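Source file: data-v7.txt (compact mmCIF, N, CA and C atoms)
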# COMPACT_ATOMS: atom_id res chain seq x y z
N SER A 232 -0.27 -11.46 -6.74
CA SER A 232 -0.60 -11.75 -8.12
C SER A 232 0.46 -11.16 -9.03
N SER A 233 0.46 -11.59 -10.25
CA SER A 233 1.45 -11.07 -11.19
C SER A 233 0.94 -9.89 -11.99
N TRP A 234 -0.34 -9.53 -11.83
CA TRP A 234 -0.89 -8.37 -12.52
C TRP A 234 -2.10 -7.85 -11.75
N GLU A 235 -2.21 -6.55 -11.67
CA GLU A 235 -3.37 -5.90 -11.06
C GLU A 235 -3.65 -4.64 -11.85
N GLY A 236 -4.92 -4.33 -12.07
CA GLY A 236 -5.28 -3.06 -12.69
C GLY A 236 -5.30 -2.00 -11.60
N MET A 237 -6.28 -2.05 -10.73
CA MET A 237 -6.36 -1.21 -9.54
C MET A 237 -6.73 -2.16 -8.41
N PRO A 238 -5.75 -2.58 -7.65
CA PRO A 238 -5.97 -3.60 -6.64
C PRO A 238 -6.85 -3.11 -5.48
N ASN A 239 -8.13 -3.45 -5.53
CA ASN A 239 -9.07 -2.99 -4.52
C ASN A 239 -8.70 -3.45 -3.12
N ALA A 240 -8.17 -4.66 -2.97
CA ALA A 240 -7.80 -5.14 -1.64
C ALA A 240 -6.72 -4.25 -1.03
N VAL A 241 -5.78 -3.82 -1.84
CA VAL A 241 -4.73 -2.93 -1.34
C VAL A 241 -5.32 -1.57 -0.97
N LEU A 242 -6.15 -1.03 -1.82
CA LEU A 242 -6.79 0.26 -1.54
C LEU A 242 -7.66 0.17 -0.29
N GLU A 243 -8.38 -0.92 -0.11
CA GLU A 243 -9.21 -1.09 1.08
C GLU A 243 -8.35 -1.21 2.34
N ALA A 244 -7.23 -1.89 2.25
CA ALA A 244 -6.32 -1.99 3.39
C ALA A 244 -5.79 -0.61 3.76
N LEU A 245 -5.36 0.16 2.76
CA LEU A 245 -4.87 1.51 3.01
C LEU A 245 -5.96 2.36 3.65
N ALA A 246 -7.18 2.28 3.13
CA ALA A 246 -8.29 3.06 3.67
C ALA A 246 -8.59 2.69 5.12
N SER A 247 -8.30 1.45 5.47
CA SER A 247 -8.50 0.98 6.84
C SER A 247 -7.33 1.33 7.75
N GLY A 248 -6.31 1.95 7.19
CA GLY A 248 -5.14 2.31 7.98
C GLY A 248 -4.22 1.14 8.25
N VAL A 249 -4.12 0.25 7.27
CA VAL A 249 -3.26 -0.93 7.42
C VAL A 249 -2.07 -0.81 6.48
N PRO A 250 -0.84 -0.80 7.01
CA PRO A 250 0.33 -0.80 6.14
C PRO A 250 0.34 -2.09 5.31
N VAL A 251 0.90 -2.02 4.11
CA VAL A 251 0.87 -3.17 3.21
C VAL A 251 2.26 -3.54 2.72
N VAL A 252 2.41 -4.79 2.36
CA VAL A 252 3.59 -5.28 1.65
C VAL A 252 3.03 -5.89 0.37
N VAL A 253 3.38 -5.27 -0.75
CA VAL A 253 2.80 -5.66 -2.04
C VAL A 253 3.90 -5.99 -3.04
N THR A 254 3.51 -6.72 -4.08
CA THR A 254 4.47 -7.01 -5.14
C THR A 254 4.48 -5.88 -6.16
N ALA A 255 5.59 -5.73 -6.84
CA ALA A 255 5.80 -4.63 -7.80
C ALA A 255 5.12 -4.95 -9.12
N VAL A 256 3.80 -4.86 -9.12
CA VAL A 256 3.03 -5.04 -10.34
C VAL A 256 2.25 -3.77 -10.60
N SER A 257 1.78 -3.59 -11.84
CA SER A 257 1.05 -2.37 -12.14
C SER A 257 -0.15 -2.28 -11.21
N GLY A 258 -0.48 -1.09 -10.84
CA GLY A 258 -1.56 -0.85 -9.89
C GLY A 258 -1.03 -0.64 -8.49
N THR A 259 -0.25 -1.58 -8.00
CA THR A 259 0.27 -1.42 -6.64
C THR A 259 1.29 -0.29 -6.57
N ARG A 260 2.06 -0.13 -7.63
CA ARG A 260 3.07 0.94 -7.64
C ARG A 260 2.43 2.32 -7.61
N GLU A 261 1.21 2.43 -8.11
CA GLU A 261 0.51 3.71 -8.09
C GLU A 261 -0.08 4.00 -6.72
N LEU A 262 -0.33 2.97 -5.92
CA LEU A 262 -0.97 3.15 -4.63
C LEU A 262 0.00 3.31 -3.47
N VAL A 263 1.13 2.63 -3.54
CA VAL A 263 2.03 2.55 -2.39
C VAL A 263 3.34 3.28 -2.66
N GLU A 264 3.67 4.19 -1.77
CA GLU A 264 4.97 4.86 -1.81
C GLU A 264 5.89 4.06 -0.88
N PRO A 265 6.91 3.40 -1.44
CA PRO A 265 7.76 2.53 -0.63
C PRO A 265 8.31 3.22 0.62
N GLY A 266 8.16 2.54 1.74
CA GLY A 266 8.64 3.05 3.01
C GLY A 266 7.68 4.01 3.69
N ARG A 267 6.61 4.40 3.00
CA ARG A 267 5.66 5.34 3.58
C ARG A 267 4.37 4.65 4.03
N GLN A 268 3.69 3.95 3.12
CA GLN A 268 2.47 3.23 3.48
C GLN A 268 2.73 1.73 3.63
N GLY A 269 3.92 1.34 3.33
CA GLY A 269 4.31 -0.08 3.36
C GLY A 269 5.52 -0.28 2.49
N HIS A 270 5.60 -1.44 1.89
CA HIS A 270 6.76 -1.78 1.07
C HIS A 270 6.32 -2.45 -0.23
N ILE A 271 7.11 -2.26 -1.25
CA ILE A 271 6.91 -2.93 -2.53
C ILE A 271 8.09 -3.87 -2.74
N VAL A 272 7.79 -5.13 -3.03
CA VAL A 272 8.85 -6.12 -3.21
C VAL A 272 8.74 -6.74 -4.60
N GLY A 273 9.78 -7.41 -5.00
CA GLY A 273 9.79 -8.07 -6.29
C GLY A 273 8.80 -9.24 -6.33
N LEU A 274 8.30 -9.48 -7.51
CA LEU A 274 7.38 -10.60 -7.71
C LEU A 274 8.07 -11.90 -7.31
N ASP A 275 7.39 -12.73 -6.56
CA ASP A 275 7.90 -14.02 -6.10
C ASP A 275 9.04 -13.92 -5.10
N ASP A 276 9.17 -12.79 -4.41
CA ASP A 276 10.23 -12.64 -3.40
C ASP A 276 9.63 -12.83 -2.01
N ALA A 277 9.36 -14.09 -1.68
CA ALA A 277 8.73 -14.42 -0.40
C ALA A 277 9.58 -13.98 0.79
N GLY A 278 10.89 -14.03 0.63
CA GLY A 278 11.77 -13.60 1.72
C GLY A 278 11.60 -12.13 2.05
N ALA A 279 11.48 -11.29 1.02
CA ALA A 279 11.28 -9.87 1.23
C ALA A 279 9.91 -9.59 1.83
N ILE A 280 8.90 -10.33 1.38
CA ILE A 280 7.56 -10.18 1.95
C ILE A 280 7.61 -10.47 3.45
N ALA A 281 8.23 -11.57 3.81
CA ALA A 281 8.32 -11.96 5.22
C ALA A 281 9.13 -10.95 6.03
N ALA A 282 10.27 -10.52 5.49
CA ALA A 282 11.13 -9.58 6.23
C ALA A 282 10.44 -8.24 6.45
N HIS A 283 9.81 -7.70 5.41
CA HIS A 283 9.13 -6.42 5.56
C HIS A 283 7.91 -6.53 6.47
N SER A 284 7.19 -7.62 6.36
CA SER A 284 6.03 -7.83 7.24
C SER A 284 6.48 -7.89 8.70
N ALA A 285 7.53 -8.65 8.96
CA ALA A 285 8.05 -8.76 10.32
C ALA A 285 8.55 -7.40 10.83
N GLY A 286 9.18 -6.64 9.94
CA GLY A 286 9.67 -5.33 10.33
C GLY A 286 8.54 -4.39 10.74
N ILE A 287 7.46 -4.40 9.98
CA ILE A 287 6.30 -3.56 10.31
C ILE A 287 5.65 -4.04 11.60
N LEU A 288 5.44 -5.34 11.71
CA LEU A 288 4.79 -5.89 12.90
C LEU A 288 5.62 -5.69 14.16
N GLY A 289 6.94 -5.69 14.01
CA GLY A 289 7.82 -5.58 15.17
C GLY A 289 8.14 -4.17 15.61
N ASP A 290 7.66 -3.17 14.92
CA ASP A 290 7.99 -1.78 15.24
C ASP A 290 6.70 -0.96 15.35
N PRO A 291 6.18 -0.82 16.58
CA PRO A 291 4.91 -0.11 16.76
C PRO A 291 4.92 1.33 16.23
N ALA A 292 6.02 2.04 16.38
CA ALA A 292 6.08 3.43 15.90
C ALA A 292 6.04 3.48 14.37
N LEU A 293 6.78 2.60 13.73
CA LEU A 293 6.77 2.51 12.27
C LEU A 293 5.38 2.13 11.79
N ARG A 294 4.78 1.15 12.45
CA ARG A 294 3.45 0.69 12.07
C ARG A 294 2.43 1.81 12.18
N ALA A 295 2.50 2.60 13.24
CA ALA A 295 1.56 3.72 13.42
C ALA A 295 1.77 4.78 12.36
N ALA A 296 3.02 5.10 12.05
CA ALA A 296 3.31 6.10 11.02
C ALA A 296 2.83 5.62 9.65
N MET A 297 3.08 4.37 9.33
CA MET A 297 2.63 3.83 8.05
C MET A 297 1.10 3.75 7.99
N ALA A 298 0.47 3.43 9.10
CA ALA A 298 -0.99 3.35 9.14
C ALA A 298 -1.60 4.71 8.85
N ALA A 299 -1.07 5.76 9.45
CA ALA A 299 -1.58 7.11 9.21
C ALA A 299 -1.36 7.52 7.76
N ALA A 300 -0.18 7.21 7.23
CA ALA A 300 0.12 7.54 5.83
C ALA A 300 -0.74 6.72 4.87
N ALA A 301 -1.05 5.48 5.26
CA ALA A 301 -1.90 4.63 4.42
C ALA A 301 -3.29 5.23 4.30
N ARG A 302 -3.85 5.63 5.41
CA ARG A 302 -5.20 6.21 5.41
C ARG A 302 -5.22 7.49 4.58
N GLU A 303 -4.22 8.33 4.78
CA GLU A 303 -4.12 9.59 4.03
C GLU A 303 -4.01 9.31 2.52
N ARG A 304 -3.21 8.34 2.15
CA ARG A 304 -3.03 8.00 0.74
C ARG A 304 -4.34 7.53 0.12
N ALA A 305 -5.08 6.70 0.83
CA ALA A 305 -6.34 6.17 0.32
C ALA A 305 -7.35 7.29 0.10
N LEU A 306 -7.34 8.29 0.94
CA LEU A 306 -8.27 9.41 0.77
C LEU A 306 -8.07 10.11 -0.58
N GLY A 307 -6.86 10.07 -1.10
CA GLY A 307 -6.58 10.65 -2.40
C GLY A 307 -7.23 9.90 -3.55
N PHE A 308 -7.70 8.69 -3.29
CA PHE A 308 -8.36 7.87 -4.30
C PHE A 308 -9.86 7.79 -4.05
N SER A 309 -10.37 8.60 -3.12
CA SER A 309 -11.80 8.56 -2.83
C SER A 309 -12.60 9.17 -3.98
N THR A 310 -13.86 8.89 -4.01
CA THR A 310 -14.72 9.44 -5.05
C THR A 310 -14.69 10.96 -5.01
N ASP A 311 -14.78 11.54 -3.81
CA ASP A 311 -14.75 13.00 -3.69
C ASP A 311 -13.45 13.58 -4.25
N ALA A 312 -12.33 12.94 -3.93
CA ALA A 312 -11.04 13.43 -4.43
C ALA A 312 -10.96 13.32 -5.95
N MET A 313 -11.46 12.22 -6.50
CA MET A 313 -11.41 12.05 -7.95
C MET A 313 -12.31 13.05 -8.66
N VAL A 314 -13.47 13.31 -8.09
CA VAL A 314 -14.38 14.29 -8.69
C VAL A 314 -13.75 15.68 -8.64
N ALA A 315 -13.12 16.01 -7.52
CA ALA A 315 -12.48 17.31 -7.37
C ALA A 315 -11.34 17.52 -8.38
N LYS A 316 -10.65 16.43 -8.70
CA LYS A 316 -9.54 16.52 -9.66
C LYS A 316 -10.07 16.70 -11.06

Please re-express this file's structure in structure tokens.
Amino acid sequence: SSWEGMPNAVLEALASGVPVVVTAVSGTRELVEPGRQGHIVGLDDAGAIAAHSAGILGDPALRAAMAAAARERALGFSTDAMVAK
């Protein structure tokens, strides 16, 4: 999409331990640290989406590291974490 406030689908994917490839719109930039939980690409850059997706899918070690980082990142947005802050 070209705009997101707080993209729940991305947050749910991270919470499930799924690395993501997202577009650089507001909301996604706050959730994803490039190269750590996935990748952020330019809006309408289908080639970058495909390349980064293939890179994650083709590298089991990278995928596992990103999956662990994704889950950890999502925990920072949990209700308990927000209340504690």

Please write out, as JSON, where the centre of an axis-aligned box around all listed atoms of segment 245-258 of chain A lies and how long its edges are, in Å to one decimal, after adding 5 Å on each side.
{"center_x": -1.4, "center_y": -2.0, "center_z": -1.9, "size_x": 24.4, "size_y": 20.1, "size_z": 30.4}

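Candidate residues A:Gly269, A:Pro238, A:Gly278, A:Gly258 were compared for distance to Met297 of chain A, and the nearest is A:Gly269, using all atoms listed in the file.
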
task: Identify, with DSSP run on backbone atoms, the residues in segment 270-310 of chain A assigned to helix (DSSP H, G or I), and express the list as number ranges by chain.
output: A: 277-288, 291-306, 310

message: Would you compute the distance between atom CA of Ile287 of chain A and atom C of Ser309 of chain A? Give it in Å to one decimal.
response: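 Atom-to-atom, atom CA of Ile287 of chain A to atom C of Ser309 of chain A, that is 26.9 Å.
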
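Atom pair atom CA of Val253 of chain A / atom CA of Val272 of chain A has a distance of 6.2 Å (rounded to one decimal).
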
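Each of A:Val252, A:Ala244, A:Leu274, A:Ala282 was compared to Glu303 of chain A using only C-alpha atoms, and A:Ala244 turns out to be the nearest.
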
For Val249 of chain A, the nearest of the candidates A:Gln268, A:Ala315, A:Val263, A:Ser233, counting only C-alpha atoms: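 For Val249 of chain A, the nearest of the given residues is A:Gln268.
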
field: Atom pair atom CA of Leu288 of chain A / atom CA of Gly236 of chain A: separation (Å)
entry: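 According to the coordinates, atom CA of Leu288 of chain A and atom CA of Gly236 of chain A are separated by 27.6 Å.
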